[in-house]
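Containing PDB, C-alpha atoms: protein.pdb.
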ATOM      1  CA  MET A   1      -1.481 -11.883 -18.878  1.00  0.00           C
ATOM      2  CA  ASN A   2      -4.319  -9.629 -20.019  1.00  0.00           C
ATOM      3  CA  LYS A   3      -3.686  -6.426 -18.102  1.00  0.00           C
ATOM      4  CA  SER A   4      -7.377  -5.475 -18.369  1.00  0.00           C
ATOM      5  CA  ILE A   5      -8.319  -8.235 -15.904  1.00  0.00           C
ATOM      6  CA  VAL A   6      -9.201  -6.344 -12.734  1.00  0.00           C
ATOM      7  CA  VAL A   7     -10.974  -7.433  -9.540  1.00  0.00           C
ATOM      8  CA  THR A   8     -12.858  -4.619  -7.829  1.00  0.00           C
ATOM      9  CA  VAL A   9     -13.900  -4.675  -4.182  1.00  0.00           C
ATOM     10  CA  LYS A  10     -15.663  -1.669  -2.645  1.00  0.00           C
ATOM     11  CA  GLY A  11     -14.318   0.521  -5.426  1.00  0.00           C
ATOM     12  CA  LEU A  12     -10.722  -0.683  -4.946  1.00  0.00           C
ATOM     13  CA  ALA A  13      -9.286  -2.001  -8.211  1.00  0.00           C
ATOM     14  CA  LEU A  14      -6.841  -4.892  -7.878  1.00  0.00           C
ATOM     15  CA  GLY A  15      -4.746  -5.615 -10.950  1.00  0.00           C
ATOM     16  CA  ASP A  16      -5.002  -2.174 -12.548  1.00  0.00           C
ATOM     17  CA  GLY A  17      -1.248  -1.538 -12.514  1.00  0.00           C
ATOM     18  CA  ILE A  18      -1.152   0.253  -9.146  1.00  0.00           C
ATOM     19  CA  VAL A  19       0.082  -1.795  -6.199  1.00  0.00           C
ATOM     20  CA  LYS A  20      -2.373  -1.709  -3.307  1.00  0.00           C
ATOM     21  CA  ILE A  21      -1.186  -1.799   0.300  1.00  0.00           C
ATOM     22  CA  CYS A  22      -2.417  -4.304   2.879  1.00  0.00           C
ATOM     23  CA  TYR A  23      -1.928  -3.713   6.599  1.00  0.00           C
ATOM     24  CA  PRO A  24      -1.690  -6.947   8.679  1.00  0.00           C
ATOM     25  CA  VAL A  25      -3.205  -7.000  12.181  1.00  0.00           C
ATOM     26  CA  THR A  26      -1.200  -9.536  14.174  1.00  0.00           C
ATOM     27  CA  SER A  27      -1.897  -8.656  17.799  1.00  0.00           C
ATOM     28  CA  VAL A  28      -2.577 -11.517  20.201  1.00  0.00           C
ATOM     29  CA  THR A  29      -5.255 -10.602  22.725  1.00  0.00           C
ATOM     30  CA  LYS A  30      -8.738  -9.261  22.065  1.00  0.00           C
ATOM     31  CA  GLU A  31      -7.853  -5.965  23.744  1.00  0.00           C
ATOM     32  CA  GLU A  32      -4.605  -5.614  21.747  1.00  0.00           C
ATOM     33  CA  ILE A  33      -6.338  -6.417  18.461  1.00  0.00           C
ATOM     34  CA  LEU A  34      -9.071  -3.832  18.981  1.00  0.00           C
ATOM     35  CA  ALA A  35      -6.508  -1.257  20.109  1.00  0.00           C
ATOM     36  CA  GLU A  36      -4.350  -1.871  17.037  1.00  0.00           C
ATOM     37  CA  VAL A  37      -7.311  -1.641  14.659  1.00  0.00           C
ATOM     38  CA  THR A  38      -8.424   1.597  16.344  1.00  0.00           C
ATOM     39  CA  GLU A  39      -4.906   3.024  16.096  1.00  0.00           C
ATOM     40  CA  VAL A  40      -4.543   2.354  12.352  1.00  0.00           C
ATOM     41  CA  LYS A  41      -8.147   2.683  11.107  1.00  0.00           C
ATOM     42  CA  ASP A  42      -7.542   6.079   9.508  1.00  0.00           C
ATOM     43  CA  LYS A  43      -4.090   5.383   8.099  1.00  0.00           C
ATOM     44  CA  PRO A  44      -3.637   5.244   4.300  1.00  0.00           C
ATOM     45  CA  TRP A  45      -3.749   1.465   3.746  1.00  0.00           C
ATOM     46  CA  ASP A  46      -6.060   0.040   1.082  1.00  0.00           C
ATOM     47  CA  ILE A  47      -6.844  -3.279   2.767  1.00  0.00           C
ATOM     48  CA  ILE A  48      -6.677  -4.340   6.403  1.00  0.00           C
ATOM     49  CA  GLU A  49      -5.947  -8.015   7.031  1.00  0.00           C
ATOM     50  CA  TRP A  50      -6.870  -9.767  10.243  1.00  0.00           C
ATOM     51  CA  ARG A  51      -4.424 -12.631  10.772  1.00  0.00           C
ATOM     52  CA  VAL A  52      -6.737 -14.747  12.894  1.00  0.00           C
ATOM     53  CA  ASP A  53      -4.046 -17.325  13.652  1.00  0.00           C
ATOM     54  CA  PHE A  54      -2.199 -14.779  15.803  1.00  0.00           C
ATOM     55  CA  TYR A  55      -5.242 -14.383  18.056  1.00  0.00           C
ATOM     56  CA  GLU A  56      -4.770 -16.229  21.345  1.00  0.00           C
ATOM     57  CA  ASP A  57      -8.331 -17.599  21.093  1.00  0.00           C
ATOM     58  CA  ALA A  58      -8.102 -18.593  17.429  1.00  0.00           C
ATOM     59  CA  HIS A  59      -9.142 -22.143  18.303  1.00  0.00           C
ATOM     60  CA  ASP A  60     -12.371 -20.860  19.858  1.00  0.00           C
ATOM     61  CA  LYS A  61     -14.799 -20.259  16.993  1.00  0.00           C
ATOM     62  CA  GLU A  62     -17.239 -18.337  19.162  1.00  0.00           C
ATOM     63  CA  ALA A  63     -14.483 -15.980  20.314  1.00  0.00           C
ATOM     64  CA  VAL A  64     -13.329 -15.380  16.720  1.00  0.00           C
ATOM     65  CA  PHE A  65     -16.801 -14.441  15.539  1.00  0.00           C
ATOM     66  CA  GLU A  66     -17.528 -12.293  18.561  1.00  0.00           C
ATOM     67  CA  LEU A  67     -14.425 -10.265  17.705  1.00  0.00           C
ATOM     68  CA  LEU A  68     -14.903  -9.998  13.933  1.00  0.00           C
ATOM     69  CA  PRO A  69     -17.944  -7.664  14.067  1.00  0.00           C
ATOM     70  CA  GLN A  70     -16.101  -5.422  16.508  1.00  0.00           C
ATOM     71  CA  ILE A  71     -13.228  -5.080  14.034  1.00  0.00           C
ATOM     72  CA  ARG A  72     -15.698  -4.267  11.263  1.00  0.00           C
ATOM     73  CA  GLU A  73     -17.437  -1.669  13.410  1.00  0.00           C
ATOM     74  CA  ILE A  74     -14.161   0.107  14.109  1.00  0.00           C
ATOM     75  CA  ILE A  75     -12.966   0.322  10.512  1.00  0.00           C
ATOM     76  CA  GLY A  76     -16.423   0.996   9.054  1.00  0.00           C
ATOM     77  CA  ASN A  77     -18.277  -0.598   6.181  1.00  0.00           C
ATOM     78  CA  ASP A  78     -16.519   1.345   3.430  1.00  0.00           C
ATOM     79  CA  LYS A  79     -13.053  -0.145   4.135  1.00  0.00           C
ATOM     80  CA  VAL A  80     -11.793  -3.444   2.708  1.00  0.00           C
ATOM     81  CA  LEU A  81     -11.350  -6.207   5.311  1.00  0.00           C
ATOM     82  CA  MET A  82      -9.490  -9.451   4.599  1.00  0.00           C
ATOM     83  CA  PHE A  83      -9.865 -12.569   6.769  1.00  0.00           C
ATOM     84  CA  VAL A  84      -6.817 -14.843   6.935  1.00  0.00           C
ATOM     85  CA  VAL A  85      -6.123 -18.019   8.885  1.00  0.00           C
ATOM     86  CA  ARG A  86      -2.589 -19.181   8.185  1.00  0.00           C
ATOM     87  CA  THR A  87      -1.891 -22.809   9.095  1.00  0.00           C
ATOM     88  CA  ALA A  88       1.297 -24.412  10.431  1.00  0.00           C
ATOM     89  CA  ASP A  89       1.897 -25.918   6.986  1.00  0.00           C
ATOM     90  CA  GLU A  90       2.266 -22.413   5.551  1.00  0.00           C
ATOM     91  CA  GLY A  91       4.021 -20.479   8.264  1.00  0.00           C
ATOM     92  CA  SER A  92       1.728 -20.127  11.283  1.00  0.00           C
ATOM     93  CA  ALA A  93       2.891 -20.897  14.804  1.00  0.00           C
ATOM     94  CA  LYS A  94      -0.457 -22.620  15.389  1.00  0.00           C
ATOM     95  CA  HIS A  95      -1.816 -25.893  14.063  1.00  0.00           C
ATOM     96  CA  PHE A  96      -5.397 -25.974  12.778  1.00  0.00           C
ATOM     97  CA  ASP A  97      -7.372 -29.112  12.068  1.00  0.00           C
ATOM     98  CA  ARG A  98      -8.526 -28.975   8.436  1.00  0.00           C
ATOM     99  CA  ASP A  99     -12.198 -29.291   9.303  1.00  0.00           C
ATOM    100  CA  TYR A 100     -11.929 -26.444  11.800  1.00  0.00           C
ATOM    101  CA  TYR A 101      -9.879 -24.372   9.334  1.00  0.00           C
ATOM    102  CA  PHE A 102     -12.600 -24.597   6.719  1.00  0.00           C
ATOM    103  CA  ASP A 103     -15.293 -24.028   9.326  1.00  0.00           C
ATOM    104  CA  LEU A 104     -13.640 -20.676  10.112  1.00  0.00           C
ATOM    105  CA  ILE A 105     -13.234 -19.849   6.419  1.00  0.00           C
ATOM    106  CA  ASN A 106     -16.827 -20.646   5.492  1.00  0.00           C
ATOM    107  CA  THR A 107     -18.311 -18.977   8.566  1.00  0.00           C
ATOM    108  CA  ALA A 108     -16.350 -15.815   7.758  1.00  0.00           C
ATOM    109  CA  ILE A 109     -17.709 -15.906   4.197  1.00  0.00           C
ATOM    110  CA  ASP A 110     -21.255 -16.285   5.542  1.00  0.00           C
ATOM    111  CA  SER A 111     -20.823 -13.502   8.106  1.00  0.00           C
ATOM    112  CA  GLY A 112     -21.320 -10.638   5.665  1.00  0.00           C
ATOM    113  CA  LEU A 113     -18.518  -8.839   7.495  1.00  0.00           C
ATOM    114  CA  ILE A 114     -15.525  -9.496   5.239  1.00  0.00           C
ATOM    115  CA  ASP A 115     -14.621  -8.488   1.696  1.00  0.00           C
ATOM    116  CA  ILE A 116     -11.683 -10.803   0.911  1.00  0.00           C
ATOM    117  CA  ILE A 117     -10.961 -14.358   2.052  1.00  0.00           C
ATOM    118  CA  ASP A 118      -7.531 -16.014   1.782  1.00  0.00           C
ATOM    119  CA  VAL A 119      -7.706 -19.797   1.285  1.00  0.00           C
ATOM    120  CA  GLU A 120      -4.589 -21.961   1.198  1.00  0.00           C
ATOM    121  CA  TYR A 121      -4.436 -23.757  -2.135  1.00  0.00           C
ATOM    122  CA  TYR A 122      -2.884 -26.940  -0.720  1.00  0.00           C
ATOM    123  CA  SER A 123      -5.400 -27.191   2.128  1.00  0.00           C
ATOM    124  CA  GLY A 124      -7.392 -30.004   0.503  1.00  0.00           C
ATOM    125  CA  ARG A 125      -8.684 -29.881  -3.061  1.00  0.00           C
ATOM    126  CA  ALA A 126     -12.389 -30.639  -2.520  1.00  0.00           C
ATOM    127  CA  LYS A 127     -12.798 -28.355   0.492  1.00  0.00           C
ATOM    128  CA  TYR A 128     -10.699 -25.660  -1.180  1.00  0.00           C
ATOM    129  CA  ASN A 129     -12.862 -25.713  -4.296  1.00  0.00           C
ATOM    130  CA  GLU A 130     -16.035 -25.627  -2.192  1.00  0.00           C
ATOM    131  CA  ALA A 131     -14.758 -22.628  -0.196  1.00  0.00           C
ATOM    132  CA  ILE A 132     -13.769 -20.699  -3.321  1.00  0.00           C
ATOM    133  CA  GLN A 133     -17.198 -21.349  -4.864  1.00  0.00           C
ATOM    134  CA  HIS A 134     -18.873 -20.410  -1.579  1.00  0.00           C
ATOM    135  CA  ALA A 135     -17.000 -17.089  -1.624  1.00  0.00           C
ATOM    136  CA  ALA A 136     -18.105 -16.457  -5.210  1.00  0.00           C
ATOM    137  CA  ASP A 137     -21.727 -17.195  -4.304  1.00  0.00           C
ATOM    138  CA  LYS A 138     -21.548 -14.727  -1.405  1.00  0.00           C
ATOM    139  CA  LYS A 139     -19.731 -12.032  -3.458  1.00  0.00           C
ATOM    140  CA  VAL A 140     -16.580 -12.296  -1.340  1.00  0.00           C
ATOM    141  CA  VAL A 141     -13.306 -11.911  -3.257  1.00  0.00           C
ATOM    142  CA  SER A 142     -11.109 -14.996  -2.919  1.00  0.00           C
ATOM    143  CA  ILE A 143      -7.323 -15.321  -2.799  1.00  0.00           C
ATOM    144  CA  GLY A 144      -5.861 -18.775  -3.424  1.00  0.00           C
ATOM    145  CA  SER A 145      -2.492 -18.770  -1.673  1.00  0.00           C
ATOM    146  CA  VAL A 146       0.703 -20.802  -1.579  1.00  0.00           C
ATOM    147  CA  HIS A 147       3.624 -20.132   0.795  1.00  0.00           C
ATOM    148  CA  LEU A 148       6.974 -21.861   0.315  1.00  0.00           C
ATOM    149  CA  TYR A 149       9.681 -21.482   2.951  1.00  0.00           C
ATOM    150  CA  ASN A 150      12.358 -23.728   1.451  1.00  0.00           C
ATOM    151  CA  GLY A 151      13.627 -21.389  -1.247  1.00  0.00           C
ATOM    152  CA  THR A 152      12.667 -19.825  -4.564  1.00  0.00           C
ATOM    153  CA  PRO A 153      11.613 -22.011  -7.518  1.00  0.00           C
ATOM    154  CA  ASN A 154      12.668 -20.996 -11.009  1.00  0.00           C
ATOM    155  CA  SER A 155      10.488 -18.443 -12.784  1.00  0.00           C
ATOM    156  CA  VAL A 156       8.761 -21.086 -14.937  1.00  0.00           C
ATOM    157  CA  GLU A 157       7.635 -23.020 -11.840  1.00  0.00           C
ATOM    158  CA  ILE A 158       6.324 -19.822 -10.281  1.00  0.00           C
ATOM    159  CA  VAL A 159       4.371 -18.991 -13.433  1.00  0.00           C
ATOM    160  CA  ASP A 160       2.968 -22.519 -13.586  1.00  0.00           C
ATOM    161  CA  THR A 161       1.873 -22.402  -9.938  1.00  0.00           C
ATOM    162  CA  ILE A 162       0.130 -19.051 -10.350  1.00  0.00           C
ATOM    163  CA  ASP A 163      -1.504 -20.293 -13.551  1.00  0.00           C
ATOM    164  CA  MET A 164      -2.757 -23.365 -11.682  1.00  0.00           C
ATOM    165  CA  ILE A 165      -4.342 -21.271  -8.912  1.00  0.00           C
ATOM    166  CA  GLN A 166      -5.951 -18.816 -11.323  1.00  0.00           C
ATOM    167  CA  GLY A 167      -8.472 -21.404 -12.473  1.00  0.00           C
ATOM    168  CA  ARG A 168     -10.822 -20.772  -9.528  1.00  0.00           C
ATOM    169  CA  ALA A 169      -9.728 -18.063  -7.108  1.00  0.00           C
ATOM    170  CA  ASP A 170     -10.236 -14.399  -8.023  1.00  0.00           C
ATOM    171  CA  ILE A 171      -6.610 -13.647  -7.133  1.00  0.00           C
ATOM    172  CA  ALA A 172      -3.638 -16.023  -7.069  1.00  0.00           C
ATOM    173  CA  LYS A 173      -0.944 -15.533  -4.425  1.00  0.00           C
ATOM    174  CA  MET A 174       2.489 -17.102  -4.143  1.00  0.00           C
ATOM    175  CA  ALA A 175       5.010 -16.184  -1.454  1.00  0.00           C
ATOM    176  CA  VAL A 176       8.431 -17.829  -1.544  1.00  0.00           C
ATOM    177  CA  MET A 177      11.568 -17.488   0.543  1.00  0.00           C
ATOM    178  CA  SER A 178      14.131 -15.293  -1.171  1.00  0.00           C
ATOM    179  CA  GLY A 179      17.642 -15.882   0.078  1.00  0.00           C
ATOM    180  CA  ASN A 180      19.582 -13.589  -2.228  1.00  0.00           C
ATOM    181  CA  LYS A 181      19.417 -11.105  -5.101  1.00  0.00           C
ATOM    182  CA  ASN A 182      19.184 -13.866  -7.722  1.00  0.00           C
ATOM    183  CA  ASP A 183      16.128 -15.359  -6.025  1.00  0.00           C
ATOM    184  CA  THR A 184      14.449 -11.960  -6.018  1.00  0.00           C
ATOM    185  CA  GLU A 185      15.240 -11.388  -9.664  1.00  0.00           C
ATOM    186  CA  ARG A 186      13.611 -14.744 -10.513  1.00  0.00           C
ATOM    187  CA  ILE A 187      10.437 -13.685  -8.700  1.00  0.00           C
ATOM    188  CA  ILE A 188      10.323 -10.371 -10.567  1.00  0.00           C
ATOM    189  CA  GLU A 189      11.040 -12.173 -13.830  1.00  0.00           C
ATOM    190  CA  ALA A 190       8.114 -14.513 -13.132  1.00  0.00           C
ATOM    191  CA  GLY A 191       5.814 -11.551 -12.545  1.00  0.00           C
ATOM    192  CA  ARG A 192       6.790 -10.011 -15.845  1.00  0.00           C
ATOM    193  CA  LYS A 193       6.230 -13.321 -17.604  1.00  0.00           C
ATOM    194  CA  LEU A 194       2.774 -13.567 -16.063  1.00  0.00           C
ATOM    195  CA  MET A 195       1.908 -10.101 -17.324  1.00  0.00           C
ATOM    196  CA  GLU A 196       2.693 -11.256 -20.855  1.00  0.00           C
ATOM    197  CA  TYR A 197       1.503 -14.857 -20.515  1.00  0.00           C
ATOM    198  CA  LYS A 198      -0.747 -15.542 -23.502  1.00  0.00           C
ATOM    199  CA  GLU A 199      -1.472 -19.180 -22.644  1.00  0.00           C
ATOM    200  CA  ALA A 200      -3.200 -18.524 -19.304  1.00  0.00           C
ATOM    201  CA  LYS A 201      -6.649 -20.125 -19.405  1.00  0.00           C
ATOM    202  CA  TYR A 202      -8.044 -17.932 -16.631  1.00  0.00           C
ATOM    203  CA  PRO A 203      -5.927 -14.773 -16.379  1.00  0.00           C
ATOM    204  CA  SER A 204      -6.520 -12.856 -13.158  1.00  0.00           C
ATOM    205  CA  PRO A 205      -4.674 -10.519 -10.786  1.00  0.00           C
ATOM    206  CA  PHE A 206      -1.860 -12.096  -8.810  1.00  0.00           C
ATOM    207  CA  ILE A 207       0.333 -11.457  -5.786  1.00  0.00           C
ATOM    208  CA  LEU A 208       4.016 -12.424  -5.765  1.00  0.00           C
ATOM    209  CA  ILE A 209       6.182 -11.995  -2.692  1.00  0.00           C
ATOM    210  CA  GLY A 210       9.797 -12.739  -1.924  1.00  0.00           C
ATOM    211  CA  MET A 211       9.880 -13.344   1.819  1.00  0.00           C
ATOM    212  CA  GLY A 212      13.005 -12.380   3.771  1.00  0.00           C
ATOM    213  CA  GLU A 213      15.262  -9.336   3.673  1.00  0.00           C
ATOM    214  CA  ALA A 214      16.542 -10.276   0.211  1.00  0.00           C
ATOM    215  CA  GLY A 215      12.984 -10.140  -1.108  1.00  0.00           C
ATOM    216  CA  ARG A 216      12.392  -6.538  -0.057  1.00  0.00           C
ATOM    217  CA  GLU A 217      12.435  -5.388  -3.695  1.00  0.00           C
ATOM    218  CA  THR A 218       9.322  -7.470  -4.413  1.00  0.00           C
ATOM    219  CA  ARG A 219       7.390  -5.450  -1.820  1.00  0.00           C
ATOM    220  CA  ARG A 220       8.109  -2.022  -3.279  1.00  0.00           C
ATOM    221  CA  THR A 221       5.118  -0.095  -4.606  1.00  0.00           C
ATOM    222  CA  ASP A 222       7.171   1.888  -7.113  1.00  0.00           C
ATOM    223  CA  ARG A 223       8.524  -1.137  -8.980  1.00  0.00           C
ATOM    224  CA  TYR A 224       5.625  -2.705 -10.835  1.00  0.00           C
ATOM    225  CA  PHE A 225       6.105  -6.268 -12.061  1.00  0.00           C
ATOM    226  CA  GLY A 226       2.481  -7.377 -11.954  1.00  0.00           C
ATOM    227  CA  THR A 227       1.838  -8.035  -8.262  1.00  0.00           C
ATOM    228  CA  CYS A 228      -1.374  -6.310  -7.182  1.00  0.00           C
ATOM    229  CA  ILE A 229      -0.895  -6.161  -3.381  1.00  0.00           C
ATOM    230  CA  SER A 230       2.051  -5.445  -1.099  1.00  0.00           C
ATOM    231  CA  TYR A 231       1.812  -6.328   2.599  1.00  0.00           C
ATOM    232  CA  CYS A 232       3.344  -3.595   4.729  1.00  0.00           C
ATOM    233  CA  MET A 233       4.940  -3.907   8.145  1.00  0.00           C
ATOM    234  CA  GLY A 234       2.344  -4.069  10.902  1.00  0.00           C
ATOM    235  CA  LYS A 235       2.631  -3.040  14.525  1.00  0.00           C
ATOM    236  CA  ASP A 236       5.018  -5.918  15.049  1.00  0.00           C
ATOM    237  CA  SER A 237       7.154  -6.883  12.064  1.00  0.00           C
ATOM    238  CA  LEU A 238       5.487  -9.990  10.656  1.00  0.00           C
ATOM    239  CA  SER A 239       8.115 -10.939   8.109  1.00  0.00           C
ATOM    240  CA  PRO A 240      11.697  -9.809   7.377  1.00  0.00           C
ATOM    241  CA  GLY A 241      11.749  -7.514   4.375  1.00  0.00           C
ATOM    242  CA  GLN A 242       8.385  -5.907   5.028  1.00  0.00           C
ATOM    243  CA  ILE A 243       8.355  -2.147   4.515  1.00  0.00           C
ATOM    244  CA  PRO A 244       6.594   0.382   6.791  1.00  0.00           C
ATOM    245  CA  LEU A 245       3.217   1.632   5.567  1.00  0.00           C
ATOM    246  CA  GLU A 246       4.243   5.274   5.252  1.00  0.00           C
ATOM    247  CA  GLU A 247       7.282   4.330   3.162  1.00  0.00           C
ATOM    248  CA  LEU A 248       5.177   2.241   0.755  1.00  0.00           C
ATOM    249  CA  VAL A 249       2.676   5.070   0.378  1.00  0.00           C
ATOM    250  CA  ALA A 250       5.475   7.558  -0.362  1.00  0.00           C
ATOM    251  CA  MET A 251       7.038   5.185  -2.924  1.00  0.00           C
ATOM    252  CA  ARG A 252       3.722   4.762  -4.710  1.00  0.00           C
ATOM    253  CA  GLU A 253       2.932   8.473  -4.746  1.00  0.00           C
ATOM    254  CA  ALA A 254       6.372   9.281  -6.126  1.00  0.00           C
ATOM    255  CA  SER A 255       5.984   6.711  -8.930  1.00  0.00           C
ATOM    256  CA  LEU A 256       2.503   7.981  -9.848  1.00  0.00           C
ATOM    257  CA  ASN A 257       3.673  11.584  -9.955  1.00  0.00           C
ATOM    258  CA  LYS A 258       6.555  10.933 -12.353  1.00  0.00           C
TER
END

Would you mind writing the file out in structure tokens?
Amino acid sequence: MNKSIVVTVKGLALGDGIVKICYPVTSVTKEEILAEVTEVKDKPWDIIEWRVDFYEDAHDKEAVFELLPQIREIIGNDKVLMFVVRTADEGSAKHFDRDYYFDLINTAIDSGLIDIIDVEYYSGRAKYNEAIQHAADKKVVSIGSVHLYNGTPNSVEIVDTIDMIQGRADIAKMAVMSGNKNDTERIIEAGRKLMEYKEAKYPSPFILIGMGEAGRETRRTDRYFGTCISYCMGKDSLSPGQIPLEELVAMREASLNK
């Protein structure tokens, strides 16, 4: 991969060789969400992610878009806000009809309130492509994401999947379940291959994650293997293996000061 390929959002460079830290907001009620955002707004994360599917009123579009501007007001316009709706197919506890899913995605893009949109790659090719293009038209950075919970493919399959996503989305993301040290090493190997991949038609920044305790090494910010974002532990641990924000910041600072 061409290491000079960088996506910049509000001055934050993704893909420049420094792992950025994303804080996930996963509270359930409106009051809890606003309280959590207020509590962490000044902490040293680079991106704050609202996981809309955790919201108890996620199936009420009006409620979602009454809450979004309040989140933006709390964090301010200079911070990077990511909008994510995870479906049951890729790990959410909630089911979302595809039409409604894309209605949320496209309305968020149109809102002018978000900086990054995460769109599931396997959510339907035509609607996916339309959403990614819509994001580009509105100057919203897009992440095309794939989440696999049934194990870790070999490194070649991971590279091929990332390469496939890179054709349209600004950033390609693949999260796979890591059950042991060998799985994690395959993920890291794939990242290194992607960094050197000369055949990529559309090289771009990527995110690689090994979910589960065994995948903790893939979340470190002092072990660079190409991934541009690490998702820290939120108020409630979202995924086994996630690392607390302060620990990720300390890791990164130590690696940069070597």

Next item on the list: Would you kindly translate the PyMOL selection byres ((chain A and resi 38) around 12) into the concrete residues it picks from this file, as an MDAnalysis selection string?
Entry: chainID A and resid 25 31:37 39:43 48 70:76

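Of the listed residues (A:Val159, A:Ile207, A:Leu148, A:Val64), A:Val159 comes nearest to Arg186 in chain A; the distances count all atoms listed in the file.
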
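You will find CA of Tyr23 in chain A at 26.5 Å from CA of Asp97 in chain A.
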
Checklist line | Explicit residue set for the PyMOL selection byres ((chain A and resi 139) around 12), as a PyMOL selection string | finding: chain A and resi 7-10+109-117+132-138+140-142+170

Check: CA of Val249 in chain A and CA of Val28 in chain A are how many Å apart?
Finding: 26.4 Å
